[in-house]
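Q: The following file, my_file_26.txt, comprises compact mmCIF, C-alpha atoms and all ligand atoms:
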# COMPACT_ATOMS: atom_id res chain seq x y z
CA MET A 1 36.97 77.95 21.37
CA ARG A 2 38.58 74.56 21.95
CA ILE A 3 39.36 72.88 25.24
CA GLU A 4 42.04 70.24 24.79
CA PRO A 5 42.63 67.28 27.10
CA VAL A 6 45.46 67.54 29.61
CA PRO A 7 47.38 64.72 31.28
CA ALA A 8 46.79 65.97 34.83
CA LEU A 9 45.83 69.12 36.69
CA VAL A 10 48.20 70.23 39.44
CA ALA A 11 47.82 73.70 40.94
CA HIS A 12 46.96 75.95 43.85
CA VAL A 13 44.43 78.62 42.89
CA ALA A 14 41.92 81.08 44.33
CA VAL A 15 38.53 81.98 42.86
CA PRO A 16 36.43 85.18 43.01
CA GLY A 17 34.15 85.92 45.95
CA ASP A 18 30.83 84.16 46.31
CA LYS A 19 28.26 85.49 43.86
CA SER A 20 25.23 84.89 46.10
CA ILE A 21 26.87 86.71 49.01
CA SER A 22 28.19 89.51 46.74
CA HIS A 23 24.66 90.31 45.53
CA ARG A 24 23.34 90.28 49.08
CA ALA A 25 26.17 92.39 50.54
CA VAL A 26 25.48 95.16 47.99
CA LEU A 27 21.68 94.98 48.32
CA ILE A 28 21.67 94.90 52.12
CA GLY A 29 24.54 97.42 52.28
CA ALA A 30 22.35 99.77 50.19
CA VAL A 31 19.72 99.94 52.94
CA CYS A 32 22.15 100.04 55.86
CA GLU A 33 22.91 103.12 57.89
CA GLY A 34 26.27 104.48 56.70
CA ALA A 35 29.01 102.78 54.74
CA THR A 36 29.60 99.06 54.22
CA GLY A 37 33.10 98.06 53.13
CA ILE A 38 33.02 94.88 51.04
CA SER A 39 36.22 92.95 50.32
CA GLY A 40 36.50 89.80 48.26
CA PHE A 41 33.58 91.00 46.12
CA GLY A 42 32.94 88.53 43.29
CA ARG A 43 32.90 90.80 40.26
CA SER A 44 30.96 89.40 37.32
CA ALA A 45 28.28 90.48 34.87
CA ASP A 46 25.61 89.46 37.40
CA THR A 47 27.05 91.31 40.37
CA GLU A 48 27.88 94.39 38.28
CA ALA A 49 24.18 94.53 37.43
CA THR A 50 23.54 94.68 41.17
CA ILE A 51 25.94 97.61 41.63
CA ALA A 52 24.22 99.42 38.74
CA ALA A 53 20.79 98.64 40.22
CA VAL A 54 21.48 100.15 43.63
CA ARG A 55 23.09 103.17 41.98
CA ALA A 56 19.88 103.67 40.00
CA LEU A 57 18.07 103.65 43.34
CA GLY A 58 20.18 106.54 44.61
CA VAL A 59 22.92 104.62 46.44
CA GLU A 60 26.54 105.61 45.97
CA VAL A 61 28.95 102.70 45.42
CA VAL A 62 32.68 103.45 45.42
CA GLU A 63 34.75 100.86 43.56
CA GLU A 64 38.04 100.97 45.43
CA ASP A 65 39.49 97.95 43.63
CA VAL A 66 38.15 95.13 41.42
CA ASP A 67 37.08 93.25 44.51
CA VAL A 68 36.77 96.05 47.06
CA LEU A 69 33.63 98.20 47.27
CA ARG A 70 32.23 100.79 49.63
CA VAL A 71 28.45 100.98 49.58
CA LEU A 72 27.08 104.18 51.10
CA GLY A 73 23.82 102.98 52.57
CA VAL A 74 20.72 105.19 52.54
CA GLY A 75 18.78 103.43 55.32
CA LEU A 76 15.81 101.05 55.19
CA GLU A 77 13.46 103.70 53.81
CA GLY A 78 15.91 105.65 51.68
CA LEU A 79 15.83 104.05 48.22
CA ARG A 80 14.44 106.39 45.57
CA GLN A 81 12.42 105.73 42.46
CA PRO A 82 14.72 105.15 39.45
CA ASP A 83 14.48 107.25 36.28
CA ALA A 84 14.30 104.20 34.02
CA PRO A 85 13.64 100.44 34.26
CA ILE A 86 16.34 98.58 36.20
CA ASP A 87 18.16 96.08 33.99
CA CYS A 88 18.88 92.89 35.93
CA GLY A 89 20.63 91.36 32.91
CA ASN A 90 20.93 87.58 33.35
CA ALA A 91 20.75 87.70 37.15
CA GLY A 92 17.80 85.88 38.71
CA THR A 93 19.13 86.51 42.20
CA LEU A 94 19.16 90.27 41.58
CA MET A 95 15.66 90.40 40.09
CA ARG A 96 14.06 88.30 42.81
CA LEU A 97 15.84 89.82 45.82
CA LEU A 98 15.39 93.36 44.54
CA THR A 99 11.64 92.79 44.12
CA GLY A 100 11.48 92.02 47.84
CA LEU A 101 13.74 94.91 48.78
CA VAL A 102 11.73 97.58 46.94
CA ALA A 103 8.32 96.15 47.86
CA GLY A 104 8.15 98.41 50.90
CA GLN A 105 9.77 101.50 49.32
CA GLU A 106 8.04 104.61 48.08
CA GLY A 107 7.76 104.79 44.26
CA ARG A 108 7.43 102.74 41.07
CA PHE A 109 10.10 100.21 40.22
CA GLU A 110 10.25 98.32 36.92
CA LEU A 111 12.68 95.43 36.70
CA VAL A 112 13.67 94.01 33.32
CA GLY A 113 16.12 91.31 32.24
CA ASP A 114 17.71 89.62 29.25
CA GLU A 115 15.95 86.98 27.15
CA SER A 116 16.89 84.11 29.47
CA LEU A 117 15.88 85.95 32.65
CA SER A 118 12.63 87.09 31.00
CA ALA A 119 11.68 83.43 30.51
CA ARG A 120 12.11 82.54 34.20
CA PRO A 121 9.21 82.36 36.68
CA MET A 122 8.62 85.52 38.74
CA GLU A 123 5.17 84.87 40.24
CA ARG A 124 6.95 82.83 42.89
CA VAL A 125 8.21 86.09 44.44
CA ALA A 126 5.28 88.31 43.49
CA GLU A 127 2.71 86.07 45.19
CA PRO A 128 4.07 86.14 48.79
CA LEU A 129 4.89 89.85 48.49
CA ARG A 130 1.28 90.60 47.50
CA ARG A 131 0.18 88.73 50.61
CA MET A 132 2.29 91.21 52.58
CA GLY A 133 0.36 94.09 51.01
CA ALA A 134 2.75 95.01 48.19
CA THR A 135 1.60 95.79 44.66
CA VAL A 136 3.66 93.59 42.34
CA ASP A 137 2.79 92.89 38.72
CA THR A 138 4.48 90.38 36.47
CA THR A 139 4.10 90.02 32.72
CA ASP A 140 2.35 86.66 32.36
CA GLY A 141 4.36 85.45 35.32
CA HIS A 142 7.63 86.82 33.98
CA ALA A 143 9.69 90.00 33.75
CA PRO A 144 9.14 92.89 33.37
CA VAL A 145 8.18 92.99 37.04
CA VAL A 146 6.60 96.24 38.25
CA VAL A 147 6.48 97.10 41.94
CA GLU A 148 4.35 100.03 43.08
CA GLY A 149 5.80 100.55 46.52
CA GLY A 150 4.71 102.70 49.38
CA ALA A 151 1.99 100.68 51.11
CA ALA A 152 2.83 99.59 54.63
CA LEU A 153 3.77 95.90 54.53
CA SER A 154 2.48 93.43 57.06
CA ALA A 155 4.23 90.29 58.21
CA ILE A 156 3.25 86.85 56.90
CA ASP A 157 3.92 83.21 57.70
CA TYR A 158 4.96 81.70 54.42
CA GLU A 159 5.76 78.14 53.43
CA LEU A 160 7.95 77.96 50.33
CA PRO A 161 6.19 75.92 47.64
CA VAL A 162 9.54 75.28 45.93
CA PRO A 163 12.95 75.06 47.57
CA SER A 164 14.31 78.49 46.58
CA ALA A 165 16.72 80.71 48.48
CA GLN A 166 15.80 83.55 46.14
CA VAL A 167 12.13 83.44 47.07
CA LYS A 168 12.95 83.03 50.76
CA SER A 169 15.32 86.00 50.56
CA ALA A 170 12.79 88.24 48.78
CA VAL A 171 10.26 87.62 51.57
CA LEU A 172 12.88 88.18 54.30
CA LEU A 173 14.04 91.46 52.73
CA ALA A 174 10.43 92.66 52.65
CA GLY A 175 9.98 91.20 56.15
CA VAL A 176 12.56 93.53 57.72
CA GLN A 177 10.43 96.43 56.45
CA ALA A 178 7.08 94.99 57.56
CA ASP A 179 5.02 95.33 60.73
CA GLY A 180 5.21 92.15 62.78
CA ARG A 181 7.19 88.94 62.55
CA THR A 182 7.63 87.33 59.13
CA THR A 183 8.37 83.62 59.09
CA VAL A 184 9.47 81.62 56.07
CA ALA A 185 9.32 77.84 56.40
CA GLU A 186 11.24 75.74 53.93
CA PRO A 187 10.69 72.08 53.13
CA MET A 188 14.40 71.62 52.46
CA PRO A 189 17.27 73.78 53.67
CA THR A 190 18.40 76.27 51.00
CA ARG A 191 21.34 78.66 51.18
CA ASP A 192 21.07 80.96 54.19
CA HIS A 193 23.32 83.87 53.28
CA THR A 194 20.50 86.42 53.53
CA GLU A 195 19.57 85.48 57.07
CA ARG A 196 23.24 85.39 58.10
CA LEU A 197 23.85 88.88 56.68
CA LEU A 198 20.62 90.32 58.12
CA GLU A 199 21.58 88.94 61.52
CA ARG A 200 25.05 90.42 61.16
CA SER A 201 23.55 93.78 60.27
CA GLY A 202 21.55 93.85 63.51
CA ALA A 203 18.08 92.80 62.33
CA PRO A 204 16.21 90.52 64.74
CA VAL A 205 16.52 87.07 63.12
CA THR A 206 15.40 83.80 64.68
CA ARG A 207 16.67 80.68 62.98
CA ARG A 208 15.26 77.17 63.32
CA PRO A 209 16.23 74.07 61.31
CA THR A 210 13.35 74.46 58.85
CA SER A 211 12.27 78.08 59.19
CA VAL A 212 13.51 81.60 59.78
CA THR A 213 11.76 84.62 61.30
CA VAL A 214 12.70 88.27 60.83
CA GLU A 215 11.28 91.55 62.08
CA ARG A 216 12.02 95.22 61.69
CA GLY A 217 13.35 95.78 65.19
CA ARG A 218 14.82 99.27 65.44
CA GLY A 219 14.47 99.64 61.67
CA GLU A 220 18.16 100.30 61.28
CA LEU A 221 20.70 97.95 59.72
CA GLN A 222 24.45 98.31 59.88
CA LEU A 223 27.09 96.05 58.33
CA THR A 224 30.27 98.21 58.42
CA GLU A 225 32.73 95.63 57.01
CA ILE A 226 32.16 92.34 55.23
CA GLU A 227 34.69 89.95 53.71
CA ILE A 228 33.43 87.44 51.15
CA ALA A 229 34.92 83.94 50.78
CA GLY A 230 35.67 82.34 47.42
CA ASP A 231 32.63 80.97 45.57
CA ILE A 232 32.35 77.19 45.90
CA SER A 233 30.38 77.22 42.64
CA SER A 234 33.41 78.76 40.90
CA ALA A 235 35.85 76.40 42.65
CA ALA A 236 33.74 73.41 41.60
CA PRO A 237 34.93 73.12 37.96
CA PHE A 238 38.58 72.81 39.04
CA LEU A 239 37.74 70.41 41.88
CA VAL A 240 35.65 68.17 39.63
CA ALA A 241 38.32 68.19 36.91
CA ALA A 242 40.92 67.17 39.52
CA ALA A 243 38.65 64.40 40.77
CA ILE A 244 38.36 62.75 37.35
CA VAL A 245 41.68 63.31 35.57
CA PRO A 246 44.15 60.70 36.88
CA GLY A 247 47.22 62.09 38.62
CA SER A 248 45.60 65.45 39.43
CA ALA A 249 45.85 67.41 42.67
CA VAL A 250 44.22 70.83 42.91
CA THR A 251 43.84 73.06 45.95
CA VAL A 252 41.44 76.00 45.91
CA HIS A 253 42.19 78.44 48.71
CA GLY A 254 39.71 80.44 50.79
CA VAL A 255 36.52 78.75 49.59
CA GLY A 256 33.17 79.24 51.33
CA LEU A 257 32.04 75.96 52.90
CA ASN A 258 28.59 76.82 54.16
CA PRO A 259 26.97 73.38 54.67
CA ARG A 260 23.96 74.56 52.64
CA ARG A 261 26.28 75.15 49.67
CA ALA A 262 28.90 72.43 49.99
CA GLY A 263 26.82 69.40 48.98
CA LEU A 264 29.06 68.75 45.96
CA LEU A 265 31.92 67.84 48.30
CA ASP A 266 29.71 65.43 50.25
CA VAL A 267 28.54 63.69 47.09
CA LEU A 268 32.04 63.52 45.58
CA GLU A 269 33.29 62.04 48.84
CA ARG A 270 30.59 59.35 48.65
CA MET A 271 31.78 58.65 45.11
CA GLY A 272 35.27 57.99 46.47
CA ALA A 273 36.95 61.35 45.82
CA ARG A 274 39.99 62.17 47.95
CA ILE A 275 39.17 65.49 49.57
CA ALA A 276 41.08 67.31 52.29
CA ILE A 277 40.17 70.64 53.86
CA TYR A 278 42.86 72.75 55.47
CA ASN A 279 42.81 76.00 57.45
CA ARG A 280 39.16 75.87 58.35
CA ARG A 281 38.16 79.37 59.34
CA SER A 282 35.33 81.86 59.27
CA ILE A 283 35.24 84.46 56.48
CA GLY A 284 32.58 87.15 56.84
CA GLY A 285 30.58 84.95 59.23
CA GLU A 286 30.59 81.98 56.85
CA PRO A 287 32.57 78.73 57.26
CA ALA A 288 35.49 78.55 54.82
CA GLY A 289 38.72 76.68 54.16
CA ASP A 290 41.27 75.51 51.58
CA VAL A 291 39.95 72.54 49.61
CA GLU A 292 42.32 69.97 48.13
CA LEU A 293 41.08 67.38 45.67
CA ARG A 294 43.19 64.50 44.40
CA ALA A 295 42.15 62.19 41.60
CA SER A 296 40.92 58.72 42.48
CA GLU A 297 38.66 56.06 41.03
CA LEU A 298 35.05 57.13 41.48
CA VAL A 299 31.86 55.11 41.79
CA GLY A 300 28.30 56.26 41.08
CA ALA A 301 26.12 57.77 43.81
CA THR A 302 22.49 58.59 44.53
CA VAL A 303 21.56 62.20 45.28
CA ALA A 304 18.32 62.59 47.25
CA ALA A 305 15.90 65.48 46.68
CA ALA A 306 16.64 66.97 50.11
CA GLU A 307 20.30 67.27 49.17
CA VAL A 308 19.71 69.01 45.83
CA PRO A 309 19.54 72.62 47.13
CA THR A 310 23.05 72.19 48.63
CA LEU A 311 24.57 71.55 45.19
CA VAL A 312 21.91 72.83 42.81
CA ASP A 313 24.30 74.94 40.73
CA GLU A 314 26.94 72.21 40.72
CA LEU A 315 24.73 69.47 39.25
CA PRO A 316 26.02 70.04 35.69
CA LEU A 317 29.56 69.42 36.95
CA LEU A 318 28.51 66.49 39.11
CA ALA A 319 27.07 65.00 35.93
CA VAL A 320 30.51 65.19 34.27
CA ALA A 321 32.06 63.44 37.28
CA ALA A 322 29.30 60.81 37.08
CA CYS A 323 30.22 60.02 33.44
CA HIS A 324 33.71 59.06 34.69
CA ALA A 325 32.54 57.06 37.74
CA ARG A 326 31.94 53.31 37.68
CA GLY A 327 28.22 52.53 37.78
CA ASP A 328 25.05 54.59 37.95
CA THR A 329 24.55 58.04 39.40
CA VAL A 330 20.95 59.06 39.99
CA VAL A 331 19.81 62.58 40.92
CA HIS A 332 16.29 62.94 42.35
CA GLY A 333 14.20 66.05 42.98
CA ALA A 334 16.01 68.31 40.53
CA SER A 335 13.03 69.62 38.51
CA GLU A 336 13.99 73.18 39.47
CA LEU A 337 16.92 72.84 37.04
CA ARG A 338 14.38 73.44 34.27
CA TYR A 339 14.00 77.06 35.41
CA LYS A 340 17.64 78.15 35.64
CA GLU A 341 19.54 80.27 33.12
CA SER A 342 18.60 77.52 30.64
CA ASN A 343 16.61 74.32 30.94
CA ARG A 344 19.59 72.69 32.60
CA LEU A 345 17.92 69.34 33.03
CA ASP A 346 17.55 68.84 29.27
CA ALA A 347 20.86 70.55 28.57
CA ILE A 348 22.94 68.33 30.88
CA VAL A 349 21.56 65.17 29.32
CA GLU A 350 21.72 66.36 25.70
CA GLU A 351 25.17 67.94 25.85
CA LEU A 352 26.73 64.98 27.67
CA ARG A 353 25.23 62.54 25.18
CA ARG A 354 26.79 64.53 22.33
CA ILE A 355 30.26 63.93 23.76
CA GLY A 356 29.82 60.23 24.55
CA GLY A 357 28.15 60.25 27.98
CA HIS A 358 25.39 57.79 28.86
CA ALA A 359 22.84 60.16 30.34
CA ARG A 360 19.07 60.22 30.36
CA SER A 361 16.50 62.35 32.04
CA THR A 362 14.02 60.97 34.56
CA SER A 363 10.73 62.49 35.71
CA ASP A 364 12.48 64.72 38.27
CA GLY A 365 16.18 64.56 37.55
CA PHE A 366 18.69 62.49 35.60
CA ARG A 367 20.51 59.17 35.54
CA ILE A 368 24.03 58.63 34.25
CA ARG A 369 25.81 55.37 33.59
CA GLY A 370 29.47 56.02 34.17
CA VAL A 371 32.49 54.36 32.66
CA PRO A 372 35.89 54.80 34.32
CA ALA A 373 37.52 56.16 31.17
CA ARG A 374 37.79 59.54 29.49
CA LEU A 375 34.68 60.84 27.71
CA ARG A 376 35.07 60.89 23.95
CA GLY A 377 34.66 64.65 23.43
CA GLY A 378 33.07 66.62 20.59
CA VAL A 379 30.91 69.75 20.59
CA VAL A 380 29.31 71.32 23.69
CA ASP A 381 27.01 74.34 23.41
CA SER A 382 26.64 76.50 26.53
CA ARG A 383 23.17 77.68 25.40
CA GLY A 384 24.21 81.02 26.95
CA ASP A 385 24.34 79.43 30.41
CA HIS A 386 27.53 79.92 32.44
CA ARG A 387 27.21 76.63 34.31
CA LEU A 388 26.95 74.72 31.03
CA ALA A 389 30.01 76.51 29.66
CA MET A 390 31.86 75.22 32.73
CA LEU A 391 30.49 71.73 32.13
CA GLY A 392 31.92 71.86 28.59
CA ALA A 393 35.30 73.11 29.78
CA VAL A 394 35.68 70.40 32.44
CA ALA A 395 34.52 67.72 30.02
CA GLY A 396 37.11 69.05 27.56
CA VAL A 397 40.15 68.74 29.82
CA ALA A 398 39.01 65.28 30.92
CA SER A 399 38.10 64.02 27.44
CA ARG A 400 39.98 61.91 24.89
CA GLU A 401 39.53 64.17 21.88
CA GLY A 402 38.83 67.59 23.38
CA VAL A 403 35.72 69.75 23.28
CA GLU A 404 34.74 72.48 20.88
CA LEU A 405 33.00 74.79 23.32
CA ARG A 406 30.38 77.05 21.74
CA GLY A 407 29.29 80.10 23.71
CA GLY A 408 32.12 79.79 26.23
CA GLU A 409 31.86 83.53 26.92
CA ALA A 410 28.76 82.78 29.01
CA VAL A 411 31.19 82.26 31.95
CA GLU A 412 31.23 86.07 32.26
CA THR A 413 27.90 85.79 34.09
CA SER A 414 29.61 84.52 37.23
CA PHE A 415 33.36 84.16 36.61
CA PRO A 416 34.97 86.43 33.98
CA GLY A 417 38.51 85.08 34.58
CA PHE A 418 37.46 81.44 34.37
CA PHE A 419 39.51 80.44 31.32
CA GLU A 420 42.66 82.16 32.67
CA VAL A 421 42.39 80.13 35.89
CA LEU A 422 41.64 76.99 33.86
CA GLU A 423 44.82 77.59 31.85
CA GLN A 424 46.73 77.92 35.14
CA VAL A 425 45.32 74.63 36.40
CA ALA A 426 45.47 72.83 33.04
CA PRO A 427 48.26 74.46 30.99
CA GLY A 428 47.71 74.12 27.25
CA ALA A 429 43.99 73.34 27.58
CA VAL A 430 42.45 76.60 26.37
CA HIS A 431 42.60 77.55 22.66
CA TYR A 432 40.88 80.66 21.35
CA PRO A 433 39.96 80.90 17.67
CA ALA A 434 42.48 82.87 15.60
CA ALA A 435 41.36 86.50 15.24
CA SER A 436 39.95 87.13 11.76
C1 LIG A 501 20.65 81.54 44.47
C2 LIG A 501 19.71 80.54 44.69
C3 LIG A 501 19.50 79.42 43.75
C4 LIG A 501 20.69 79.25 42.81
C5 LIG A 501 21.13 80.56 42.22
C6 LIG A 501 21.55 81.52 43.32
C7 LIG A 501 20.76 82.63 45.45
O1 LIG A 501 18.35 79.69 42.97
O2 LIG A 501 20.38 78.33 41.79
O3 LIG A 501 22.22 80.37 41.34
O4 LIG A 501 21.75 83.38 45.42
O5 LIG A 501 19.86 82.76 46.28
P1 LIG A 501 16.84 79.35 43.48
O6 LIG A 501 16.52 80.23 44.62
O7 LIG A 501 15.97 79.66 42.29
O8 LIG A 501 16.86 77.91 43.83
Can you present the structure in this file as structure tokens?

A:
Amino acid sequence: MRIEPVPALVAHVAVPGDKSISHRAVLIGAVCEGATGISGFGRSADTEATIAAVRALGVEVVEEDVDVLRVLGVGLEGLRQPDAPIDCGNAGTLMRLLTGLVAGQEGRFELVGDESLSARPMERVAEPLRRMGATVDTTDGHAPVVVEGGAALSAIDYELPVPSAQVKSAVLLAGVQADGRTTVAEPMPTRDHTERLLERSGAPVTRRPTSVTVERGRGELQLTEIEIAGDISSAAPFLVAAAIVPGSAVTVHGVGLNPRRAGLLDVLERMGARIAIYNRRSIGGEPAGDVELRASELVGATVAAAEVPTLVDELPLLAVAACHARGDTVVHGASELRYKESNRLDAIVEELRRIGGHARSTSDGFRIRGVPARLRGGVVDSRGDHRLAMLGAVAGVASREGVELRGGEAVETSFPGFFEVLEQVAPGAVHYPAAS
């Protein structure tokens, strides 16, 4: 497909519900007592895999609308052994959180994934769960992951060796089934949706700035109703495009603004972006608001390692903004990007260079020399990674010559309607190949 440049982006839009929270609402809802009504569910290939996974574990999920679900929870000990391996598709969050959730359940659980997911590290969740007494086998550190559940789990104190909300969440989900108090300490704050939802569902949760403790308590969770705010990671492409295309003004309504997720806005602000947030409110226990971004001249910025978890999925888009900003942008402490749906560190640098960006990788991140002018354009390959497809699309609307985007359908992983919303924000930008 081709993404053509547009003169300016002017629009008010909404984006689907947060993917991280959508996974968690279904997984935690599955082990609650009684029904959990979920509204604002972010439907995508990843989150549909989560619905299918809990169904395979004996949980009924009623799809009342595209974004409204009712999960009929079976209780903390009620999941049943599936008849076949559970296919997590492309979803790392599903595979890692589910490993923690089934670690204390009776039965054998085999989790498989697509080629990309099967190349991602899984020992990072298996290792702490084994310390809790679970039997978890990986295949040379990767999927398939096999959990032989049933043993009583015991609490651990665990320090995350890598900043990862998925690993933290896997340990916490096993922790609410274990005897004793499980504490996870994290060197840098990562997204805290699991602890927020567990707290909301009645589990004893103690939160400190750099650690979180959970315990089983009464052994009964209950969520009842949960509303999910728009995904800041899905709002990000439109906000970044508005920041760099002169004359633009885009407002994304009802976006989650959890401080552990909203680092992109902080960095863009440092770069000189004009950001306003209206109607600050709480949605499903998470801070949220309407985010307006108006184009302005940007300058380069430095992103410190401690900040990376707050914008980890937005770094490909930040890199596009950096190409358009005057001066250097340097991102430190981003080695984890190598283990995402693709090797995003290499991909960001290589794909941006192909379309005229001055990017190079460093030992633990990347450096971009920006020029306050449109990128040339050319070919961008998503490498099957949704965040890179979005990078290509944003670069396309902001470019001089447009972008031929290969593998654009990868957006389905997190945001199936992405190109429709892009066309709303940037009319005339999206061109599909003629049907043969
Ligand atoms: C996620 C955590 C992050 C993020 C991913 C979603 C989550 O991964 O990149 O897209 O929902 O917990 P890591 O935990 O591997 O950093």

Q: Using all atoms listed in the file, which protein or nucleic acid residues come within 10 Å of A:Glu336? Drop anything in the same chain fewer than 2 positions from it, and give the result as an MDAnalysis selection string.

A: chainID A and resid 162:164 308:309 312 333:334 338:340 343:345 364:365

Q: Just to be explicit: take each residue in the selection above, keep C-alpha atoms, and write the result as a short mmCIF file (atom, residue, chain, number, x, y, z; two decimals), in the coordinates of the input.

A:
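Output saved as result.cif:
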data_model
loop_
_atom_site.label_atom_id
_atom_site.label_comp_id
_atom_site.auth_asym_id
_atom_site.auth_seq_id
_atom_site.Cartn_x
_atom_site.Cartn_y
_atom_site.Cartn_z
CA VAL A 162 9.54 75.28 45.93
CA PRO A 163 12.95 75.06 47.57
CA SER A 164 14.31 78.49 46.58
CA VAL A 308 19.71 69.01 45.83
CA PRO A 309 19.54 72.62 47.13
CA VAL A 312 21.91 72.83 42.81
CA GLY A 333 14.20 66.05 42.98
CA ALA A 334 16.01 68.31 40.53
CA ARG A 338 14.38 73.44 34.27
CA TYR A 339 14.00 77.06 35.41
CA LYS A 340 17.64 78.15 35.64
CA ASN A 343 16.61 74.32 30.94
CA ARG A 344 19.59 72.69 32.60
CA LEU A 345 17.92 69.34 33.03
CA ASP A 364 12.48 64.72 38.27
CA GLY A 365 16.18 64.56 37.55
#

Q: Identify, on the basis of all atoms listed in the file, every residue whose closest approach to stretch 290-302 of chain A does not exceed 9 Å; exclude the query and any residue fewer than 5 positions from it along the same chain; express the result as a VMD selection string.

A: chain A and resid 12 235 238 to 256 267 to 268 270 to 280 321 to 332 368 to 370 372

Q: Select the residues contacting ligand LIG 501 (chain A) at a distance of at most 6 Å, based on all atoms listed in the file, then format the selection as a PyMOL selection string.

A: chain A and resi 20+93+164-167+312-313

Q: Neighbours of stretch 348-360 of chain A within 6 Å (all atoms listed in the file; same-chain residues fewer than 5 positions away dropped), as a PDB file with C-alpha atoms, in the frame of the given file?

A:
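Now in selection04.pdb:
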ATOM      1  CA  PRO A 316      26.020  70.040  35.690  1.00  0.00           C
ATOM      2  CA  CYS A 323      30.220  60.020  33.440  1.00  0.00           C
ATOM      3  CA  PHE A 366      18.690  62.490  35.600  1.00  0.00           C
ATOM      4  CA  ARG A 367      20.510  59.170  35.540  1.00  0.00           C
ATOM      5  CA  ILE A 368      24.030  58.630  34.250  1.00  0.00           C
ATOM      6  CA  ARG A 369      25.810  55.370  33.590  1.00  0.00           C
ATOM      7  CA  LEU A 375      34.680  60.840  27.710  1.00  0.00           C
ATOM      8  CA  ARG A 376      35.070  60.890  23.950  1.00  0.00           C
ATOM      9  CA  GLY A 377      34.660  64.650  23.430  1.00  0.00           C
ATOM     10  CA  GLY A 378      33.070  66.620  20.590  1.00  0.00           C
ATOM     11  CA  VAL A 380      29.310  71.320  23.690  1.00  0.00           C
TER      12      VAL A 380
END

Q: Taking all atoms listed in the file into account, name the residue in A:Gly133, A:Gln81, A:Thr413, A:Val205 that is nearest to A:Ala49.

A: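 Among the listed residues, the smallest separation from A:Ala49 belongs to A:Thr413.
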
Q: Tell me which protein, DNA and RNA residues are within 12 Å of A:Arg383, counting all atoms listed in the file, leaving out same-chain ones fewer than 3 positions away, and put them as a CSV table (one decimal) with C-alpha atoms, in the frame of the given file.

A:
chain,number,residue,atom,x,y,z
A,115,GLU,CA,16.0,87.0,27.2
A,116,SER,CA,16.9,84.1,29.5
A,340,LYS,CA,17.6,78.2,35.6
A,341,GLU,CA,19.5,80.3,33.1
A,342,SER,CA,18.6,77.5,30.6
A,343,ASN,CA,16.6,74.3,30.9
A,344,ARG,CA,19.6,72.7,32.6
A,346,ASP,CA,17.6,68.8,29.3
A,347,ALA,CA,20.9,70.6,28.6
A,348,ILE,CA,22.9,68.3,30.9
A,350,GLU,CA,21.7,66.4,25.7
A,351,GLU,CA,25.2,67.9,25.8
A,380,VAL,CA,29.3,71.3,23.7
A,386,HIS,CA,27.5,79.9,32.4
A,387,ARG,CA,27.2,76.6,34.3
A,388,LEU,CA,27.0,74.7,31.0
A,389,ALA,CA,30.0,76.5,29.7
A,390,MET,CA,31.9,75.2,32.7
A,391,LEU,CA,30.5,71.7,32.1
A,392,GLY,CA,31.9,71.9,28.6
A,405,LEU,CA,33.0,74.8,23.3
A,406,ARG,CA,30.4,77.0,21.7
A,407,GLY,CA,29.3,80.1,23.7
A,408,GLY,CA,32.1,79.8,26.2
A,409,GLU,CA,31.9,83.5,26.9
A,410,ALA,CA,28.8,82.8,29.0
A,411,VAL,CA,31.2,82.3,32.0

Q: With all atoms of stretch 140-148 of chain A from the file as input, state the centre and edge lengths in Å to one decimal of the axis-aligned box that has 8 Å extra on each side, as JSON.

A:
{"center_x": 6.0, "center_y": 92.7, "center_z": 37.7, "size_x": 23.3, "size_y": 30.6, "size_z": 26.7}

Q: Which polymer residues have any atom within 6 Å of an atom of A:Leu57, counting all atoms listed in the file, with same-chain residues fewer than 3 positions away left out, as JSON, numbers by chain?

A: {"A": [54, 79, 80, 82]}

Q: Expressed in Å to a single decimal, how great is the separation between atom CA of A:Glu159 and atom CA of A:Glu127?

A: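 For atom CA of A:Glu159 relative to atom CA of A:Glu127, the distance reads 11.8 Å.
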
Q: Using only C-alpha atoms, find the one residue out of A:Val10, A:Leu197, A:Ala103, A:Val320 that sits nearest to A:Thr36.

A: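 Closest residue, counting only C-alpha atoms: A:Leu197.
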
Q: Taking all atoms listed in the file into account, name the residue in A:Thr362, A:Ser399, A:Gln177, A:Ser282 that is nearest to A:Ile226.

A: A:Ser282

Q: In terms of the shortest atom-to-atom distance over all atoms listed in the file, which of A:Ala178, A:Ile232, A:Val62, A:Ala56 is closest to A:Gly289?

A: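 Between A:Ala178, A:Ile232, A:Val62, A:Ala56, the residue approaching A:Gly289 most closely is A:Ile232.
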
Q: So which residues are close to (32.1, 91.9, 45.4), meaning at most 9 Å away in the file's coordinates with all atoms listed in the file counted, and can you show them as a list of chain:residue names?

A: A:Pro16, A:Gly17, A:Asp18, A:Lys19, A:Ile21, A:Ser22, A:His23, A:Ala25, A:Val26, A:Ile38, A:Ser39, A:Gly40, A:Phe41, A:Gly42, A:Arg43, A:Ser44, A:Thr47, A:Glu48, A:Val66, A:Asp67, A:Val68, A:Leu69, A:Glu227, A:Ile228

Q: Can you work out the spacing between atom CA of A:Leu221 and atom CA of A:Glu148 in Å, to one decimal?

A: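 Answer for the atom CA of A:Leu221 to atom CA of A:Glu148 separation: 23.4 Å.
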
Q: Given only C-alpha atoms as the basis, pick out the residue of A:Val214, A:Glu186, A:Arg108, A:Pro204 nearest to A:Ile156.

A: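 Answer, going by the shortest atom-to-atom distance: A:Val214.
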